[in-house]
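Visitor: Got final15.cif for you, mmCIF, C-alpha atoms, pLDDT in the B column; chains and numbers go by the auth columns:
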data_query
loop_
_atom_site.group_PDB
_atom_site.id
_atom_site.type_symbol
_atom_site.label_atom_id
_atom_site.label_comp_id
_atom_site.label_asym_id
_atom_site.label_seq_id
_atom_site.Cartn_x
_atom_site.Cartn_y
_atom_site.Cartn_z
_atom_site.B_iso_or_equiv
_atom_site.auth_seq_id
_atom_site.auth_asym_id
ATOM 1 C CA GLN A 1 95.639 -46.871 -21.216 62.00 27 A
ATOM 2 C CA SER A 2 93.065 -47.488 -23.934 70.00 28 A
ATOM 3 C CA SER A 3 91.538 -45.245 -26.557 79.00 29 A
ATOM 4 C CA PHE A 4 88.120 -46.747 -25.899 91.00 30 A
ATOM 5 C CA SER A 5 86.072 -47.725 -22.875 93.00 31 A
ATOM 6 C CA LYS A 6 84.651 -51.239 -22.722 95.00 32 A
ATOM 7 C CA LEU A 7 81.552 -52.163 -20.720 96.00 33 A
ATOM 8 C CA LEU A 8 80.133 -55.645 -20.296 97.00 34 A
ATOM 9 C CA VAL A 9 76.331 -55.818 -19.961 98.00 35 A
ATOM 10 C CA GLN A 10 75.082 -59.161 -18.691 98.00 36 A
ATOM 11 C CA GLY A 11 72.111 -60.835 -17.042 98.00 37 A
ATOM 12 C CA ARG A 12 68.900 -62.492 -18.121 97.00 38 A
ATOM 13 C CA ASP A 13 67.355 -59.109 -18.997 98.00 39 A
ATOM 14 C CA ALA A 14 70.378 -57.669 -20.810 98.00 40 A
ATOM 15 C CA LEU A 15 68.762 -57.948 -24.255 98.00 41 A
ATOM 16 C CA PRO A 16 65.416 -56.288 -23.423 98.00 42 A
ATOM 17 C CA PHE A 17 67.306 -53.645 -21.431 98.00 43 A
ATOM 18 C CA LEU A 18 69.550 -52.788 -24.376 98.00 44 A
ATOM 19 C CA GLN A 19 66.590 -52.881 -26.762 98.00 45 A
ATOM 20 C CA ARG A 20 65.081 -50.129 -24.593 97.00 46 A
ATOM 21 C CA VAL A 21 68.116 -47.837 -24.215 98.00 47 A
ATOM 22 C CA CYS A 22 69.661 -48.290 -27.676 98.00 48 A
ATOM 23 C CA GLY A 23 68.293 -46.890 -30.904 97.00 49 A
ATOM 24 C CA GLY A 24 69.409 -49.915 -32.930 97.00 50 A
ATOM 25 C CA ASN A 25 68.197 -53.502 -32.872 98.00 51 A
ATOM 26 C CA MET A 26 70.315 -55.451 -30.383 98.00 52 A
ATOM 27 C CA ASP A 27 68.629 -58.809 -31.082 98.00 53 A
ATOM 28 C CA VAL A 28 71.372 -59.969 -33.435 98.00 54 A
ATOM 29 C CA PRO A 29 73.384 -63.216 -33.627 96.00 55 A
ATOM 30 C CA VAL A 30 76.402 -63.747 -31.372 96.00 56 A
ATOM 31 C CA GLY A 31 79.438 -62.081 -32.948 92.00 57 A
ATOM 32 C CA ARG A 32 77.503 -59.240 -34.580 93.00 58 A
ATOM 33 C CA VAL A 33 78.426 -55.631 -33.907 94.00 59 A
ATOM 34 C CA VAL A 34 75.824 -52.846 -33.972 97.00 60 A
ATOM 35 C CA TYR A 35 76.682 -49.139 -34.115 97.00 61 A
ATOM 36 C CA THR A 36 73.904 -47.390 -32.193 98.00 62 A
ATOM 37 C CA PRO A 37 73.012 -44.347 -30.137 97.00 63 A
ATOM 38 C CA LEU A 38 72.191 -44.616 -26.447 97.00 64 A
ATOM 39 C CA LEU A 39 68.872 -42.839 -25.923 97.00 65 A
ATOM 40 C CA ASN A 40 67.314 -41.501 -22.732 94.00 66 A
ATOM 41 C CA ARG A 41 63.662 -42.027 -21.785 92.00 67 A
ATOM 42 C CA ALA A 42 62.637 -38.933 -23.758 94.00 68 A
ATOM 43 C CA GLY A 43 64.418 -40.224 -26.864 93.00 69 A
ATOM 44 C CA GLY A 44 67.282 -37.761 -26.394 95.00 70 A
ATOM 45 C CA TYR A 45 70.774 -38.644 -27.512 94.00 71 A
ATOM 46 C CA GLU A 46 73.159 -39.738 -24.734 95.00 72 A
ATOM 47 C CA GLY A 47 76.053 -41.045 -26.821 92.00 73 A
ATOM 48 C CA ASP A 48 77.122 -43.339 -29.623 93.00 74 A
ATOM 49 C CA VAL A 49 78.538 -46.801 -29.020 96.00 75 A
ATOM 50 C CA THR A 50 79.182 -50.103 -30.683 96.00 76 A
ATOM 51 C CA VAL A 51 77.541 -53.125 -29.096 98.00 77 A
ATOM 52 C CA THR A 52 78.900 -56.616 -29.757 97.00 78 A
ATOM 53 C CA ARG A 53 76.720 -59.554 -28.841 98.00 79 A
ATOM 54 C CA THR A 54 78.852 -62.240 -27.206 97.00 80 A
ATOM 55 C CA ALA A 55 78.077 -65.681 -25.826 96.00 81 A
ATOM 56 C CA ARG A 56 78.132 -64.191 -22.317 94.00 82 A
ATOM 57 C CA GLY A 57 76.345 -60.883 -22.864 97.00 83 A
ATOM 58 C CA PHE A 58 77.022 -57.647 -24.696 98.00 84 A
ATOM 59 C CA LEU A 59 80.262 -55.670 -24.998 97.00 85 A
ATOM 60 C CA ILE A 60 79.742 -51.930 -25.360 97.00 86 A
ATOM 61 C CA VAL A 61 82.635 -49.869 -26.720 96.00 87 A
ATOM 62 C CA SER A 62 82.594 -46.079 -26.483 94.00 88 A
ATOM 63 C CA ALA A 63 84.973 -43.154 -26.219 89.00 89 A
ATOM 64 C CA THR A 64 87.368 -43.300 -23.273 82.00 90 A
ATOM 65 C CA ALA A 65 86.103 -40.017 -21.875 84.00 91 A
ATOM 66 C CA GLN A 66 82.564 -41.448 -21.805 87.00 92 A
ATOM 67 C CA ALA A 67 83.213 -44.480 -19.558 86.00 93 A
ATOM 68 C CA VAL A 68 81.997 -43.012 -16.266 91.00 94 A
ATOM 69 C CA ARG A 69 79.072 -41.272 -17.934 93.00 95 A
ATOM 70 C CA ASP A 70 78.025 -44.384 -19.879 94.00 96 A
ATOM 71 C CA VAL A 71 78.185 -46.642 -16.805 94.00 97 A
ATOM 72 C CA ASP A 72 76.127 -44.098 -14.856 95.00 98 A
ATOM 73 C CA PHE A 73 73.562 -43.774 -17.662 97.00 99 A
ATOM 74 C CA LEU A 74 73.199 -47.540 -18.052 97.00 100 A
ATOM 75 C CA GLU A 75 72.969 -48.273 -14.318 97.00 101 A
ATOM 76 C CA ARG A 76 70.410 -45.487 -13.770 96.00 102 A
ATOM 77 C CA ASN A 77 68.223 -46.968 -16.498 97.00 103 A
ATOM 78 C CA VAL A 78 68.093 -50.545 -15.212 97.00 104 A
ATOM 79 C CA ASN A 79 64.587 -51.035 -13.825 96.00 105 A
ATOM 80 C CA ALA A 80 64.274 -52.509 -10.329 96.00 106 A
ATOM 81 C CA GLU A 81 62.786 -55.764 -11.629 97.00 107 A
ATOM 82 C CA GLU A 82 65.475 -56.271 -14.291 97.00 108 A
ATOM 83 C CA HIS A 83 68.431 -58.591 -13.798 98.00 109 A
ATOM 84 C CA VAL A 84 71.235 -56.645 -15.513 98.00 110 A
ATOM 85 C CA THR A 85 74.831 -55.957 -14.512 98.00 111 A
ATOM 86 C CA VAL A 86 77.167 -53.384 -16.050 97.00 112 A
ATOM 87 C CA THR A 87 80.892 -54.009 -15.556 96.00 113 A
ATOM 88 C CA ASP A 88 83.705 -51.733 -16.710 94.00 114 A
ATOM 89 C CA VAL A 89 86.192 -54.100 -18.383 94.00 115 A
ATOM 90 C CA THR A 90 88.279 -51.386 -20.054 91.00 116 A
ATOM 91 C CA SER A 91 91.537 -52.460 -18.415 90.00 117 A
ATOM 92 C CA ALA A 92 90.999 -56.101 -19.440 91.00 118 A
ATOM 93 C CA TRP A 93 90.474 -55.567 -23.187 88.00 119 A
ATOM 94 C CA CYS A 94 92.089 -53.656 -26.014 87.00 120 A
ATOM 95 C CA VAL A 95 90.698 -52.347 -29.275 85.00 121 A
ATOM 96 C CA LEU A 96 92.647 -52.715 -32.488 85.00 122 A
ATOM 97 C CA GLY A 97 91.469 -50.487 -35.322 85.00 123 A
ATOM 98 C CA VAL A 98 92.083 -51.593 -38.904 90.00 124 A
ATOM 99 C CA PHE A 99 91.063 -48.868 -41.333 90.00 125 A
ATOM 100 C CA GLY A 100 91.407 -47.982 -44.976 94.00 126 A
ATOM 101 C CA PRO A 101 90.468 -49.234 -48.411 94.00 127 A
ATOM 102 C CA HIS A 102 92.316 -52.542 -47.965 94.00 128 A
ATOM 103 C CA ALA A 103 91.227 -53.264 -44.383 93.00 129 A
ATOM 104 C CA ARG A 104 88.783 -56.017 -45.369 91.00 130 A
ATOM 105 C CA ALA A 105 91.396 -57.756 -47.544 92.00 131 A
ATOM 106 C CA LEU A 106 93.925 -57.617 -44.712 94.00 132 A
ATOM 107 C CA LEU A 107 91.486 -59.098 -42.211 92.00 133 A
ATOM 108 C CA GLU A 108 90.343 -61.793 -44.648 91.00 134 A
ATOM 109 C CA ALA A 109 93.984 -62.895 -44.960 93.00 135 A
ATOM 110 C CA VAL A 110 94.219 -63.587 -41.206 94.00 136 A
ATOM 111 C CA SER A 111 90.676 -64.695 -40.361 91.00 137 A
ATOM 112 C CA SER A 112 88.338 -67.532 -41.303 90.00 138 A
ATOM 113 C CA THR A 113 85.332 -65.310 -40.539 85.00 139 A
ATOM 114 C CA ASP A 114 83.127 -64.296 -43.453 86.00 140 A
ATOM 115 C CA LEU A 115 83.785 -60.571 -43.778 84.00 141 A
ATOM 116 C CA ALA A 116 81.664 -59.989 -46.873 83.00 142 A
ATOM 117 C CA HIS A 117 79.456 -56.911 -46.684 79.00 143 A
ATOM 118 C CA ASP A 118 76.295 -59.042 -46.629 75.00 144 A
ATOM 119 C CA ALA A 119 77.598 -61.481 -43.998 64.00 145 A
#
Could I get this structure in the form of structure tokens?

Guide:
Amino acid sequence: QSSFSKLLVQGRDALPFLQRVCGGNMDVPVGRVVYTPLLNRAGGYEGDVTVTRTARGFLIVSATAQAVRDVDFLERNVNAEEHVTVTDVTSAWCVLGVFGPHARALLEAVSSTDLAHDA
């Protein structure tokens, strides 16, 4: 059981698809995480997610209760000519939350990744 749902969005049109259904800019370097709303065609709010760009696509993380709804929303919004797949990978991945005023210092002690605010 996981506290978050995880969806993998892949395919040659994954980026333009996510640019259309997300309020934030998804055209970011691999490894970047974007907190963004999912928006319907009328610009209405469907939910809030984080989207991580990976070497193989995009990993969307949302609330556990939203998994079925988010998959349905994403699949319904893939245009017929787009090559996009949405796969629920919730059972394959976990989410570890590190919070608090010393979270960055803790992560910097165990990671070689630049965690500076401007990175």

Visitor: Name the residues captured by the PyMOL selection byres ((chain A and resi 60-77) around 8) when it is applied to the shown file; answer as number ranges by chain.

Guide: A: 47-52, 58-59, 78-79, 84-89, 96

Visitor: Between A:Arg82, A:Arg130, A:Arg95, A:Arg102, single out the one closest to Asp114 of chain A, counting all atoms listed in the file.

Guide: A:Arg95

Visitor: Just the number, please: distance in Å from atom CA of Gln36 of chain A to atom CA of Glu108 of chain A, one decimal.

Guide: 11.0 Å

Visitor: Using atom CA of Val54 of chain A and atom CA of Ser138 of chain A as the two end points, give the distance in Å to one decimal.

Guide: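 We find that atom CA of Val54 of chain A and atom CA of Ser138 of chain A lie 20.2 Å from each other.
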
Visitor: Using the chain letters and numbers from this file, what does the PyMOL selection byres ((chain A and resi 113) around 7) select? Give the answer as a list of chain:residue names.

Guide: A:Leu33, A:Leu34, A:Val35, A:Thr111, A:Val112, A:Asp114, A:Val115

Visitor: May I ask for the distance between atom CA of Phe30 of chain A and atom CA of Gly83 of chain A, given in Å to one decimal place?

Guide: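 Taking atom CA of Phe30 of chain A as the start and atom CA of Gly83 of chain A as the end point, the length is 18.6 Å.
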
Visitor: Taking only C-alpha atoms into account, which of A:Arg38, A:Ala81, A:Glu107, A:Ser117 comes nearest Ala93 of chain A?

Guide: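 Among A:Arg38, A:Ala81, A:Glu107, A:Ser117, it is A:Ser117 that comes nearest to Ala93 of chain A.
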
Visitor: So which one's closest to Cys120 of chain A, A:Thr80, A:Asp98, A:Lys32, A:Val104? Using only C-alpha atoms, please.

Guide: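 So, comparing all the options, the nearest one is A:Lys32.
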
Visitor: Can you tell me which residues surround segment 121-123 of chain A at a distance of at most 10 Å, considering only C-alpha atoms, apart from same-chain residues fewer than 2 positions away, and format the answer as a short mmCIF file (atom, residue, chain, number, x, y, z; two decimals) with C-alpha atoms, in the coordinates of the input?

Guide:
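Saved to around-v8.cif:
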data_model
loop_
_atom_site.label_atom_id
_atom_site.label_comp_id
_atom_site.auth_asym_id
_atom_site.auth_seq_id
_atom_site.Cartn_x
_atom_site.Cartn_y
_atom_site.Cartn_z
CA SER A 28 93.06 -47.49 -23.93
CA SER A 29 91.54 -45.24 -26.56
CA PHE A 30 88.12 -46.75 -25.90
CA SER A 31 86.07 -47.72 -22.88
CA LYS A 32 84.65 -51.24 -22.72
CA VAL A 87 82.64 -49.87 -26.72
CA THR A 116 88.28 -51.39 -20.05
CA TRP A 119 90.47 -55.57 -23.19
CA PHE A 125 91.06 -48.87 -41.33
CA GLY A 126 91.41 -47.98 -44.98
CA ALA A 129 91.23 -53.26 -44.38
#

Visitor: Pick the closest to Pro55 of chain A from A:Leu41, A:Ala142, A:His128, A:Asn105: which is it, counting only C-alpha atoms?

Guide: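 Looking only at the distances to Pro55 of chain A, the closest residue turns out to be A:Leu41.
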